[in-house]
Every structure is written in structure tokens, then in C-alpha cells.
>>> print(open('target_12.cif').read())   # mmCIF, C-alpha atoms
data_work
#
loop_
_atom_site.label_atom_id
_atom_site.label_comp_id
_atom_site.auth_asym_id
_atom_site.auth_seq_id
_atom_site.Cartn_x
_atom_site.Cartn_y
_atom_site.Cartn_z
CA MET A 1 98.65 -71.35 -49.65
CA LEU A 2 97.19 -74.86 -49.99
CA LYS A 3 100.14 -76.29 -48.06
CA MET A 4 99.59 -73.73 -45.28
CA LEU A 5 95.93 -74.73 -45.10
CA LYS A 6 96.85 -78.43 -44.99
CA ASP A 7 99.39 -77.79 -42.19
CA MET A 8 96.77 -75.87 -40.20
CA MET A 9 94.22 -78.66 -40.61
CA LYS A 10 96.81 -81.25 -39.54
CA GLU A 11 97.51 -79.24 -36.38
CA THR A 12 93.78 -79.04 -35.69
CA ASP A 13 93.50 -82.83 -36.03
CA GLU A 14 96.36 -83.30 -33.56
CA ILE A 15 94.77 -80.89 -31.10
CA ASP A 16 91.45 -82.74 -31.46
CA ALA A 17 93.13 -86.06 -30.77
CA TRP A 18 94.93 -84.69 -27.73
CA PHE A 19 91.73 -83.13 -26.39
CA GLU A 20 89.78 -86.36 -26.87
CA GLY A 21 92.46 -88.24 -24.95
CA LEU A 22 92.24 -85.68 -22.17
CA LEU A 23 88.44 -85.99 -22.02
CA ASN A 24 88.65 -89.80 -21.87
CA ASP A 25 91.06 -89.59 -18.95
CA LEU A 26 88.87 -87.01 -17.22
CA GLU A 27 85.80 -89.19 -17.67
CA ALA A 28 87.66 -92.16 -16.23
CA SER A 29 88.75 -90.11 -13.22
CA LEU A 30 85.23 -88.76 -12.53
CA ASN A 31 83.57 -92.18 -12.63
CA PRO A 32 84.14 -94.39 -9.60
CA SER A 33 87.10 -96.62 -10.36
CA GLN A 34 86.38 -100.31 -10.11
CA LEU A 35 90.04 -100.98 -9.43
CA PHE A 36 90.15 -98.53 -6.54
CA ASN A 37 86.96 -99.95 -4.95
CA GLU A 38 88.30 -103.49 -5.30
CA ARG A 39 91.63 -102.53 -3.68
CA PHE A 40 89.96 -100.67 -0.84
CA ASN A 41 87.69 -103.63 -0.08
CA GLU A 42 90.65 -105.98 -0.18
CA ALA A 43 92.70 -103.92 2.26
CA SER A 44 89.84 -103.37 4.69
CA LYS A 45 88.58 -106.95 4.64
CA GLY A 46 91.98 -108.63 4.61
CA TYR A 47 91.83 -110.60 1.37
CA LEU A 48 93.26 -110.38 -2.15
CA THR A 49 91.31 -111.19 -5.28
CA PRO A 50 93.51 -113.66 -7.16
CA ILE A 51 94.47 -112.93 -10.75
CA ILE A 52 92.71 -115.44 -12.95
CA SER A 53 93.22 -115.95 -16.65
CA MET A 54 90.76 -117.73 -18.94
CA HIS A 55 91.45 -118.84 -22.50
CA ASP A 56 89.17 -120.55 -24.99
CA PHE A 57 90.64 -123.57 -26.78
CA ASN A 58 87.72 -124.57 -29.04
CA ASN A 59 86.07 -127.34 -27.03
CA GLU A 60 87.56 -126.50 -23.68
CA LEU A 61 88.27 -123.62 -21.34
CA LEU A 62 91.71 -123.22 -19.74
CA ILE A 63 91.55 -121.45 -16.38
CA THR A 64 94.82 -120.40 -14.70
CA ILE A 65 94.52 -119.17 -11.12
CA ASP A 66 97.52 -117.45 -9.55
CA LEU A 67 97.75 -118.13 -5.81
CA PRO A 68 101.36 -117.25 -4.93
CA GLY A 69 102.25 -117.87 -1.31
CA SER A 70 99.07 -119.83 -0.58
CA ASP A 71 98.99 -122.75 1.85
CA PRO A 72 98.10 -125.71 -0.42
CA ASN A 73 96.13 -127.38 2.41
CA THR A 74 93.71 -124.45 2.57
CA ILE A 75 92.92 -124.04 -1.15
CA ASP A 76 89.20 -124.44 -1.75
CA ILE A 77 87.94 -124.09 -5.34
CA GLU A 78 84.35 -124.64 -6.37
CA LEU A 79 83.72 -124.98 -10.11
CA LEU A 80 80.10 -124.52 -11.15
CA PRO A 81 78.68 -124.50 -14.69
CA ASP A 82 78.67 -120.70 -14.82
CA LYS A 83 81.21 -119.53 -12.24
CA ILE A 84 84.23 -120.40 -10.16
CA THR A 85 84.81 -119.49 -6.50
CA ILE A 86 88.23 -119.46 -4.84
CA ASP A 87 89.32 -119.41 -1.22
CA ALA A 88 92.82 -119.94 0.18
CA GLN A 89 94.99 -118.79 3.08
CA ILE A 90 98.21 -116.89 2.36
CA LYS A 91 101.27 -118.01 4.35
CA GLU A 92 102.13 -115.23 6.80
CA GLU A 93 105.85 -115.36 6.07
CA VAL A 94 105.34 -114.95 2.30
CA ALA A 95 102.96 -112.04 2.83
CA LYS A 96 105.49 -110.30 5.10
CA ASN A 97 108.28 -110.80 2.52
CA ALA A 98 106.07 -109.53 -0.29
CA PHE A 99 104.54 -106.47 1.38
CA GLY A 100 107.12 -105.52 4.00
CA GLN A 101 105.87 -102.76 6.29
CA ALA A 102 103.09 -101.53 3.96
CA TYR A 103 100.32 -100.31 6.31
CA TRP A 104 97.45 -101.36 3.98
CA ALA A 105 98.68 -104.98 3.82
CA LYS A 106 98.77 -105.73 7.56
CA LYS A 107 95.41 -107.49 7.50
CA ILE A 108 95.90 -109.37 4.20
CA ASN A 109 95.93 -113.11 4.95
CA LYS A 110 93.81 -114.84 2.31
CA TYR A 111 92.67 -115.05 -1.27
CA LYS A 112 88.99 -114.83 -2.11
CA GLY A 113 87.18 -114.41 -5.40
CA VAL A 114 84.11 -115.29 -7.43
CA TYR A 115 84.42 -115.14 -11.22
CA PRO A 116 81.72 -115.65 -13.87
CA LEU A 117 82.71 -117.95 -16.72
CA PRO A 118 82.38 -116.79 -20.35
CA TYR A 119 80.04 -119.73 -21.17
CA LEU A 120 78.57 -122.85 -19.54
CA ILE A 121 81.03 -125.63 -18.77
CA ASP A 122 80.79 -129.26 -17.58
CA PRO A 123 82.39 -129.26 -14.10
CA LYS A 124 82.65 -133.06 -14.09
CA SER A 125 85.09 -132.94 -17.02
CA ALA A 126 87.57 -130.73 -15.16
CA LYS A 127 91.23 -131.77 -14.99
CA VAL A 128 93.27 -129.93 -12.36
CA THR A 129 97.04 -129.50 -12.05
CA LYS A 130 99.13 -127.47 -9.63
CA LYS A 131 102.34 -125.73 -10.62
CA ASN A 132 104.46 -123.23 -8.64
CA GLY A 133 101.55 -121.82 -6.65
CA MET A 134 99.18 -121.83 -9.63
CA ILE A 135 96.09 -123.95 -10.17
CA ILE A 136 95.47 -124.88 -13.82
CA ILE A 137 92.06 -126.20 -14.76
CA LYS A 138 91.08 -127.59 -18.16
CA VAL A 139 87.35 -128.08 -18.47
CA LYS A 140 85.09 -128.98 -21.38
CA LYS A 141 82.31 -126.69 -22.56
CA SER A 142 78.81 -127.82 -21.71
CA SER A 143 77.00 -129.70 -24.47
CA GLN A 144 73.70 -128.09 -23.41
CA MET B 1 118.19 -84.14 -3.72
CA SER B 2 120.05 -81.53 -5.86
CA TYR B 3 119.21 -81.17 -9.52
CA SER B 4 121.85 -80.89 -12.24
CA SER B 5 119.51 -80.49 -15.23
CA GLU B 6 115.90 -80.59 -16.36
CA GLU B 7 114.57 -81.14 -19.88
CA GLU B 8 110.99 -81.18 -21.10
CA ILE B 9 110.05 -83.48 -24.00
CA LEU B 10 106.43 -83.93 -25.13
CA GLY B 11 104.94 -83.18 -21.74
CA TYR B 12 107.47 -85.23 -19.72
CA GLN B 13 110.16 -83.68 -17.52
CA PHE B 14 113.50 -85.52 -17.44
CA ILE B 15 115.02 -84.38 -14.14
CA GLU B 16 118.64 -85.36 -13.63
CA TYR B 17 119.91 -85.35 -10.05
CA GLY B 18 122.77 -87.80 -10.46
CA GLN B 19 125.28 -88.66 -13.18
CA LEU B 20 123.53 -90.29 -16.12
CA GLY B 21 126.66 -89.93 -18.26
CA LYS B 22 126.47 -91.22 -21.83
CA PRO B 23 125.50 -94.84 -21.33
CA LYS B 24 125.84 -97.32 -24.15
CA TYR B 25 122.53 -99.02 -23.27
CA LEU B 26 119.14 -97.85 -22.01
CA ILE B 27 117.15 -100.89 -20.87
CA LEU B 28 113.41 -100.25 -20.62
CA GLY B 29 111.27 -101.99 -18.03
CA LEU B 30 107.82 -100.62 -18.89
CA PRO B 31 104.89 -102.71 -17.65
CA ASP B 32 103.32 -104.99 -20.25
CA ALA B 33 102.29 -108.67 -20.50
CA GLY B 34 103.49 -110.67 -17.52
CA ILE B 35 105.09 -107.52 -15.97
CA VAL B 36 108.23 -109.01 -17.54
CA GLY B 37 109.83 -105.60 -18.15
CA PRO B 38 109.64 -104.26 -14.58
CA ILE B 39 110.71 -107.62 -13.08
CA ALA B 40 113.74 -107.99 -15.37
CA ALA B 41 114.71 -104.30 -15.10
CA SER B 42 114.46 -104.29 -11.27
CA HIS B 43 116.58 -107.41 -11.08
CA ILE B 44 119.27 -105.85 -13.29
CA VAL B 45 119.30 -102.68 -11.15
CA ARG B 46 119.60 -104.74 -7.97
CA SER B 47 122.27 -107.08 -9.35
CA LEU B 48 124.45 -104.31 -10.78
CA LYS B 49 123.73 -101.98 -7.80
CA LEU B 50 122.93 -99.11 -10.17
CA PRO B 51 122.35 -95.68 -8.57
CA ASP B 52 119.15 -93.73 -9.14
CA VAL B 53 120.20 -90.71 -11.28
CA LEU B 54 117.15 -89.35 -13.12
CA GLY B 55 113.43 -88.97 -12.47
CA ILE B 56 110.72 -88.66 -15.13
CA GLU B 57 107.65 -86.65 -14.21
CA SER B 58 104.48 -85.47 -15.88
CA TYR B 59 101.68 -83.89 -13.89
CA GLY B 60 99.31 -84.62 -16.76
CA TYR B 61 100.26 -88.13 -17.82
CA ILE B 62 101.61 -89.84 -14.69
CA PRO B 63 99.23 -90.26 -11.72
CA PRO B 64 100.12 -87.85 -8.89
CA ALA B 65 102.28 -90.23 -6.85
CA ALA B 66 105.59 -90.21 -4.99
CA ILE B 67 107.50 -93.32 -3.98
CA ILE B 68 108.78 -93.35 -0.41
CA GLN B 69 111.72 -95.65 0.20
CA GLY B 70 113.69 -95.53 3.43
CA SER B 71 112.42 -91.97 4.09
CA SER B 72 113.64 -90.89 0.61
CA ILE B 73 111.16 -89.37 -1.83
CA LYS B 74 111.48 -90.79 -5.34
CA TYR B 75 109.80 -90.22 -8.68
CA PRO B 76 107.52 -93.08 -9.78
CA MET B 77 109.49 -93.33 -13.03
CA ARG B 78 113.28 -93.38 -12.71
CA ILE B 79 116.45 -94.13 -14.61
CA TYR B 80 119.32 -95.91 -12.88
CA SER B 81 122.79 -95.74 -14.41
CA ASN B 82 126.46 -96.54 -13.87
CA GLY B 83 127.49 -94.55 -16.94
CA GLU B 84 127.66 -97.66 -19.14
CA VAL B 85 124.34 -99.41 -18.53
CA SER B 86 121.17 -97.49 -17.69
CA VAL B 87 117.76 -98.92 -16.79
CA LEU B 88 114.32 -97.26 -16.77
CA ILE B 89 111.84 -98.50 -14.19
CA THR B 90 108.34 -97.34 -13.37
CA ASP B 91 106.28 -98.09 -10.26
CA VAL B 92 103.13 -96.65 -11.80
CA PRO B 93 101.85 -97.10 -15.37
CA PRO B 94 101.06 -93.80 -17.20
CA VAL B 95 97.43 -92.97 -17.98
CA PRO B 96 96.31 -94.34 -21.39
CA SER B 97 96.68 -90.98 -23.16
CA GLY B 98 100.21 -90.65 -21.76
CA ILE B 99 101.59 -93.82 -23.33
CA VAL B 100 102.24 -92.42 -26.83
CA PRO B 101 104.02 -89.23 -25.69
CA LEU B 102 106.02 -91.20 -23.10
CA ALA B 103 107.28 -93.67 -25.68
CA SER B 104 108.14 -90.87 -28.12
CA ALA B 105 109.84 -88.85 -25.36
CA ILE B 106 112.02 -91.82 -24.35
CA VAL B 107 113.23 -92.30 -27.94
CA GLU B 108 113.89 -88.57 -28.40
CA PHE B 109 115.71 -88.36 -25.05
CA SER B 110 117.89 -91.34 -26.02
CA ARG B 111 118.69 -89.78 -29.39
CA LYS B 112 119.62 -86.42 -27.85
CA ARG B 113 121.79 -87.98 -25.15
CA GLY B 114 123.61 -90.19 -27.67
CA ILE B 115 122.63 -93.51 -26.09
CA ASP B 116 123.81 -96.25 -28.47
CA HIS B 117 121.08 -98.83 -27.97
CA ILE B 118 117.59 -98.89 -26.46
CA ILE B 119 116.83 -102.43 -25.27
CA SER B 120 113.10 -102.90 -24.63
CA ILE B 121 111.94 -105.81 -22.49
CA SER B 122 108.45 -107.27 -22.60
CA GLY B 123 106.40 -110.43 -22.64
CA ILE B 124 104.15 -111.95 -25.31
CA GLY B 125 100.92 -113.09 -23.68
CA ASN B 126 100.74 -116.81 -24.47
CA PRO B 127 97.49 -118.59 -23.55
CA SER B 128 99.44 -121.87 -23.25
CA ARG B 129 102.14 -120.43 -20.97
CA ALA B 130 101.16 -122.71 -18.07
CA GLU B 131 102.28 -125.68 -20.17
CA ILE B 132 105.66 -124.17 -21.16
CA ASP B 133 108.63 -124.99 -18.91
CA LYS B 134 111.20 -122.80 -20.67
CA PRO B 135 109.74 -119.69 -22.37
CA ASN B 136 111.10 -118.76 -25.81
CA VAL B 137 112.65 -115.31 -26.28
CA TYR B 138 111.81 -113.41 -29.47
CA TYR B 139 113.49 -110.35 -30.91
CA LEU B 140 112.86 -107.37 -33.21
CA THR B 141 115.39 -104.77 -34.34
CA THR B 142 114.99 -101.36 -35.97
CA THR B 143 118.47 -100.83 -37.48
CA GLN B 144 121.44 -102.78 -38.79
CA GLU B 145 123.38 -101.74 -35.69
CA SER B 146 120.85 -103.33 -33.35
CA GLN B 147 120.80 -106.43 -35.59
CA LYS B 148 124.63 -106.65 -35.24
CA LEU B 149 124.22 -106.43 -31.46
CA ILE B 150 122.03 -109.52 -31.42
CA GLU B 151 123.85 -111.48 -34.17
CA PRO B 152 126.13 -113.59 -31.89
CA PHE B 153 123.14 -114.81 -29.87
CA LEU B 154 120.66 -115.78 -32.57
CA ASN B 155 120.85 -119.46 -31.57
CA ASP B 156 119.15 -118.55 -28.28
CA LEU B 157 116.45 -116.39 -29.88
CA LYS B 158 113.59 -116.57 -32.35
CA PRO B 159 112.57 -113.76 -34.72
CA PHE B 160 109.26 -112.19 -33.69
CA PRO B 161 106.48 -113.87 -35.70
CA ASP B 162 104.14 -111.83 -37.91
CA GLY B 163 101.42 -110.12 -35.90
CA ILE B 164 100.42 -106.94 -34.10
CA ILE B 165 102.12 -105.30 -31.13
CA VAL B 166 100.09 -102.89 -29.01
CA GLY B 167 101.37 -100.72 -26.19
CA PRO B 168 104.32 -98.47 -25.36
CA TYR B 169 106.86 -100.73 -27.06
CA ALA B 170 104.97 -100.50 -30.35
CA ILE B 171 105.39 -96.71 -30.29
CA ILE B 172 109.05 -97.02 -29.27
CA LEU B 173 109.66 -99.31 -32.25
CA LYS B 174 107.97 -96.94 -34.71
CA GLU B 175 109.61 -93.81 -33.31
CA SER B 176 113.01 -95.54 -33.30
CA VAL B 177 112.60 -96.34 -37.00
CA ARG B 178 111.50 -92.78 -37.70
CA ARG B 179 114.33 -91.14 -35.75
CA LYS B 180 116.95 -93.75 -36.77
CA VAL B 181 117.57 -94.90 -33.20
CA ASN B 182 118.93 -98.41 -32.48
CA ASN B 183 116.16 -100.31 -30.71
CA LEU B 184 116.18 -103.98 -29.83
CA LEU B 185 112.91 -105.42 -28.50
CA LEU B 186 113.15 -108.68 -26.55
CA LEU B 187 109.94 -110.52 -25.69
CA SER B 188 109.47 -113.80 -23.87
CA ASP B 189 106.48 -116.15 -23.76
CA ALA B 190 104.59 -114.97 -20.68
CA PHE B 191 101.31 -115.18 -18.86
CA THR B 192 98.94 -112.55 -20.22
CA GLU B 193 97.78 -111.13 -16.88
CA ILE B 194 99.91 -112.86 -14.23
CA PRO B 195 103.40 -111.58 -13.24
CA ASP B 196 105.98 -113.94 -14.76
CA PRO B 197 109.43 -113.92 -13.09
CA GLU B 198 110.52 -117.07 -14.98
CA ALA B 199 109.89 -115.30 -18.31
CA ALA B 200 111.81 -112.26 -17.02
CA ALA B 201 114.73 -114.50 -16.02
CA GLU B 202 115.09 -115.78 -19.62
CA ILE B 203 115.40 -112.21 -20.90
CA VAL B 204 117.87 -111.21 -18.16
CA LYS B 205 120.11 -114.10 -19.28
CA ILE B 206 120.12 -112.74 -22.86
CA ILE B 207 120.80 -109.18 -21.70
CA SER B 208 123.66 -110.46 -19.55
CA TYR B 209 125.31 -111.82 -22.74
CA LEU B 210 124.51 -108.69 -24.77
CA ILE B 211 126.01 -106.18 -22.35
CA ASN B 212 128.80 -108.60 -21.40
CA VAL B 213 128.09 -108.37 -17.68
CA LYS B 214 127.37 -111.46 -15.55
CA ILE B 215 123.91 -111.28 -13.97
CA ASP B 216 122.82 -114.23 -11.85
CA VAL B 217 119.09 -115.06 -12.08
CA SER B 218 118.95 -117.73 -9.37
CA GLN B 219 117.66 -115.31 -6.71
CA LEU B 220 114.99 -114.09 -9.12
CA LEU B 221 113.77 -117.66 -9.61
CA GLN B 222 113.87 -118.47 -5.88
CA GLU B 223 111.78 -115.39 -5.09
CA ALA B 224 109.31 -116.00 -7.94
CA GLU B 225 106.24 -116.68 -5.77
CA THR B 226 106.94 -113.71 -3.47
CA LEU B 227 107.40 -111.47 -6.52
CA ARG B 228 104.12 -112.62 -8.05
CA LEU B 229 102.35 -111.70 -4.81
CA ARG B 230 104.11 -108.34 -4.50
CA LEU B 231 103.42 -107.37 -8.13
CA GLN B 232 99.79 -108.46 -8.21
CA GLY B 233 98.68 -104.82 -7.83
CA LEU B 234 100.89 -103.54 -10.66
CA ALA B 235 99.70 -106.41 -12.87
CA LYS B 236 96.04 -105.46 -12.33
CA GLU B 237 96.75 -101.75 -13.01
CA THR B 238 98.71 -102.59 -16.16
CA ASN B 239 95.99 -104.90 -17.48
CA ASP B 240 93.46 -102.11 -16.87
CA VAL B 241 95.50 -99.48 -18.75
CA LEU B 242 96.47 -101.74 -21.66
CA ALA B 243 92.88 -102.93 -22.15
CA LYS B 244 91.95 -99.26 -22.67
CA VAL B 245 94.52 -98.82 -25.45
CA GLY B 246 93.43 -101.87 -27.43
CA LYS B 247 95.75 -104.64 -26.19
CA GLY B 248 93.20 -107.12 -27.52
CA TYR B 249 94.29 -106.34 -31.11
CA GLU B 250 97.40 -108.49 -30.48
CA TYR B 251 95.18 -111.58 -30.56
CA ARG B 252 94.16 -111.33 -34.17
CA THR B 253 96.00 -111.42 -37.51
CA PRO B 254 96.78 -108.19 -39.37
CA LEU B 255 95.46 -107.53 -42.90
CA ILE B 256 98.94 -107.60 -44.38
CA TYR B 257 100.31 -111.06 -45.07
CA SER B 258 102.86 -112.47 -47.52
#
>>> encode(input="target_12.cif", output="C-alpha cells")
Amino acid sequence: MLKMLKDMMKETDEIDAWFEGLLNDLEASLNPSQLFNERFNEASKGYLTPIISMHDFNNELLITIDLPGSDPNTIDIELLPDKITIDAQIKEEVAKNAFGQAYWAKKINKYKGVYPLPYLIDPKSAKVTKKNGMIIIKVKKSSQ
Amino acid sequence: MSYSSEEEILGYQFIEYGQLGKPKYLILGLPDAGIVGPIAASHIVRSLKLPDVLGIESYGYIPPAAIIQGSSIKYPMRIYSNGEVSVLITDVPPVPSGIVPLASAIVEFSRKRGIDHIISISGIGNPSRAEIDKPNVYYLTTTQESQKLIEPFLNDLKPFPDGIIVGPYAIILKESVRRKVNNLLLLSDAFTEIPDPEAAAEIVKIISYLINVKIDVSQLLQEAETLRLRLQGLAKETNDVLAKVGKGYEYRTPLIYS
């Protein structure tokens, strides 16, 4: 009898967990999706927001910016104490190879993005390297 | 498209329209760090010219999407197979609540169909990846059989260090242990959020030795920048989904230590 009760309670827990998962997904679908809005803006305005990765290494911040297919002569990066802005043109040939005949990608020809930094940094300490279409920036945290 | 069989496992329909056969290997290319899995899996399918034989569908767990390729309508999640080697690819990540049942369903499907080895492919997000020229490849096995599979190649691999794994491959590992299924997980150092074809190439080389089939990675490396641009969208979607299931736990130590 006790075992039957335990089995029933276990099933109830599983149903609760499943239902909670369903509610979370429903909530996510009802709220405007940031990802969808970002994509729609990109397609209509003709730019991609680059993927940028930031990692904290104690005294310095490592910022990796992925700009595949960009024309190196057009890359414009502004590093401020609290944010970083990125602009670059995408080579037409690379964009065609990447996106083929996709209708939403016909206008895409540049990268553009503004990203807040997790803490204040000292832009003058920045060291920049380029590697395979990526820009890698190591910058010290601000002493202020 | 004519259907030969359909099977429902944990909310996922496995719809066979070709000849899956009884392959020795099922290689999984689920999206995770660096999109290493999908990149490596797609390259293997292309190199071996594997036919599309099975679609995986779930109207609850997979976003309502169809892939159109050359006027053909395809399922977003598919298995390609030549009867010896099969590969699972997905164009769309499942919703967060669909990850656990998907992983369990894949293991159960493999067990039922008598597939000898599941080979999972992923990346380990490494904050210092930009400074690494040749990514390391790590491994984890669930049975002695999968350990024997990897034994001849241990000089090229490192055992996975102590830590936490979060995502579909974590569930596949646990379910494989529970159901006594041979699962080998291969992970390479990869960018956390950026698609990483170079990391995928290192894993393809290992798989080429394991399955004893020559797979050339030079085209994959030549097309690396184009691939990173093409897969930018999938990378952003994957990061979004994995953040919701606690991917951040991988970047801390577990309580258990020796």
C-alpha cells in the first residue's frame, strides 16, 4: 500500500515537472522574443550583429569578436570604458557563398553592433590581434 | 516521400522513409559549444554522401519548421545512413523542455535498433580558445566496449577532466549508463559562442580513424570563414537555448572531488 502511494506521488512529481516545463516554454513563446526582433531588424536593415565573446581573466578582459568574411580595410572598432562598437563590411562573395539564395539575406552586407562591457576598462591598455577573421582584444580593467 | 515505419518514443516520432538498416555507429551532431557537433556531422554526411533515411519530429518539442532543399521538404532533425555509419543532424535546436526527452529518446531508439555505438560530438567552451592553434580532443566512455573502441587512439586524446557537463550530451551519457548502451563522447576545445570549424575538424579526424573510413578535412578548413558566417544564426539560437538549461554550471567545480 505504501509502495503504491509512493509510486503515485512519484508520478505526480513527474507530471508537475513536465507541466512546469510546458509553462516555461509557453511563457517564452508569449513574450516577445529578443532573438526574433534582432533577426528581423538585421534582415530588414541589412546588417548582422557579430557574435562577441567576453571572458574575465582577473586583471584583464578578453574580448573575441567574430567577423567572418569581413573586409579588413573596413573594420572600425571603438573601445570605450563601458562599451564597444563594431562596424565592418562583409565581402559580397563570402555572403553569397554563406547564404546562397536565402531571400532574407539579400540585403545583408555589413556587421554592426554595440555591446556594453561587464565593468569599466582602460581603453589605452588594449592590445589587439587579428586571426582568421576574428579580432581579439586584451584590455586591462580600469583602476578607478 | 514514402514511409516504411514510424515509432514514437517519449514524445518524438522517428519516421523512417529510407533504409536505416542496422548501422554499427550513430554519430550525433547536436548543437552545443562552438556548434562543433553540427559542423562535424554535416561534413561527415557530405564526405561519405550519406542518404537521408529518417526524420525525427515532435510537434511539442521541436519548433514548427520544415527545411526546404531543392524543392524537397525535409524534417529539421534527420538521420543519414549507409547501413554501416549513421549520422544525426538538426537544423533547429529543440525547445529547452524538449532536450531531456530528446536525449533519452535517442538512446532508447539506438538500443532498440541494435546500434553498436553512439558517438557524440561536442565542444568544450574554452575562454582561451583564441590562443590555441590546435584544439585538444577529450573523451568519455560509458561502457568497456566503448573504451575498447577508443583504446588504439588514446595517444591522440585526453581523458575528460573532472567537471560538470550540461546539455543534451549530459543526458545521453546518463541514459546510456542506465540502459547499458555504448556511448563515446568526443569534445574538442572550442569557442564558447562562436562556430568553430577548426575544432570540428580535429574531431572528424578522430572519427575517421575510429570508423576506419578516410574523411578529408581540408575542404572544411578552407571553408571555415564561410561556415562561421552561415552558422551564426544557429550559434545564437543554441546559446539562447543552452543558457536557459543552465549551461553556466559548466564553469564551476562540482562538490565531489577526490
>>> closest_atom_pairs(input="target_12.cif", of="chain B", to="chain A", cutoff="7 Å", atoms="only C-alpha atoms", output="JSON lines")
{"residue": "B:Ser97", "atom": "CA", "partner": "A:Gly21", "partner_atom": "CA", "distance": 5.3}
{"residue": "B:Pro127", "atom": "CA", "partner": "A:His55", "partner_atom": "CA", "distance": 6.1}
{"residue": "B:Glu193", "atom": "CA", "partner": "A:Ser53", "partner_atom": "CA", "distance": 6.6}
{"residue": "B:Ile194", "atom": "CA", "partner": "A:Ile51", "partner_atom": "CA", "distance": 6.5}
{"residue": "B:Glu225", "atom": "CA", "partner": "A:Pro68", "partner_atom": "CA", "distance": 5.0}
{"residue": "B:Thr226", "atom": "CA", "partner": "A:Ala98", "partner_atom": "CA", "distance": 5.3}
{"residue": "B:Leu227", "atom": "CA", "partner": "A:Ala98", "partner_atom": "CA", "distance": 6.7}
{"residue": "B:Arg228", "atom": "CA", "partner": "A:Pro68", "partner_atom": "CA", "distance": 6.2}
{"residue": "B:Leu229", "atom": "CA", "partner": "A:Pro68", "partner_atom": "CA", "distance": 5.6}
{"residue": "B:Arg230", "atom": "CA", "partner": "A:Ala98", "partner_atom": "CA", "distance": 4.8}
>>> residues_near_point(input="target_12.cif", point="(88.1, -113.2, -5.4)", cutoff="10 Å", atoms="all atoms listed in the file", output="PyMOL selection string")
chain A and resi 38+42+47-52+84-88+110-115
>>> closest_residue(input="target_12.cif", among="B:Val166, B:Val181, B:Ala41, B:Ile73", to="Ser104 of chain B", atoms="all atoms listed in the file")
B:Val181
>>> atom_distance(input="target_12.cif", atom1="atom CA of Tyr138 of chain B", atom2="atom CA of Val36 of chain B")
13.2 Å
>>> atom_distance(input="target_12.cif", atom1="atom CA of Val139 of chain A", atom2="atom CA of Ile35 of chain B")
27.3 Å
>>> atom_distance(input="target_12.cif", atom1="atom CA of Glu131 of chain B", atom2="atom CA of Ser142 of chain A")
23.6 Å
>>> build_atoms(input="target_12.cif", residues="segment 104-118 of chain A", atoms="N, CA and C atoms", output="compact mmCIF listing (two decimals), keeping the file's coordinate frame")
# COMPACT_ATOMS: atom_id res chain seq x y z
N TRP A 104 98.72 -100.87 4.49
CA TRP A 104 97.45 -101.36 3.98
C TRP A 104 97.42 -102.88 3.93
N ALA A 105 98.61 -103.53 4.01
CA ALA A 105 98.68 -104.98 3.82
C ALA A 105 98.70 -105.75 5.14
N LYS A 106 98.61 -105.05 6.26
CA LYS A 106 98.77 -105.73 7.56
C LYS A 106 97.70 -106.79 7.79
N LYS A 107 96.50 -106.53 7.24
CA LYS A 107 95.41 -107.49 7.50
C LYS A 107 95.35 -108.59 6.46
N ILE A 108 96.05 -108.45 5.33
CA ILE A 108 95.90 -109.37 4.20
C ILE A 108 96.40 -110.76 4.62
N ASN A 109 95.50 -111.76 4.59
CA ASN A 109 95.93 -113.11 4.95
C ASN A 109 95.26 -114.18 4.11
N LYS A 110 94.44 -113.80 3.12
CA LYS A 110 93.81 -114.84 2.31
C LYS A 110 93.46 -114.34 0.91
N TYR A 111 93.20 -115.30 0.07
CA TYR A 111 92.67 -115.05 -1.27
C TYR A 111 91.19 -115.37 -1.26
N LYS A 112 90.43 -114.56 -2.01
CA LYS A 112 88.99 -114.83 -2.11
C LYS A 112 88.49 -114.21 -3.40
N GLY A 113 87.71 -114.97 -4.16
CA GLY A 113 87.18 -114.41 -5.40
C GLY A 113 86.09 -115.26 -5.99
N VAL A 114 85.17 -114.59 -6.68
CA VAL A 114 84.11 -115.29 -7.43
C VAL A 114 84.15 -114.73 -8.84
N TYR A 115 84.25 -115.60 -9.83
CA TYR A 115 84.42 -115.14 -11.22
C TYR A 115 83.37 -115.81 -12.11
N PRO A 116 82.63 -115.01 -12.90
CA PRO A 116 81.72 -115.65 -13.87
C PRO A 116 82.53 -116.25 -15.01
N LEU A 117 82.03 -117.34 -15.59
CA LEU A 117 82.71 -117.95 -16.72
C LEU A 117 82.12 -117.40 -18.02
N PRO A 118 82.88 -117.39 -19.11
CA PRO A 118 82.38 -116.79 -20.35
C PRO A 118 81.25 -117.60 -21.01
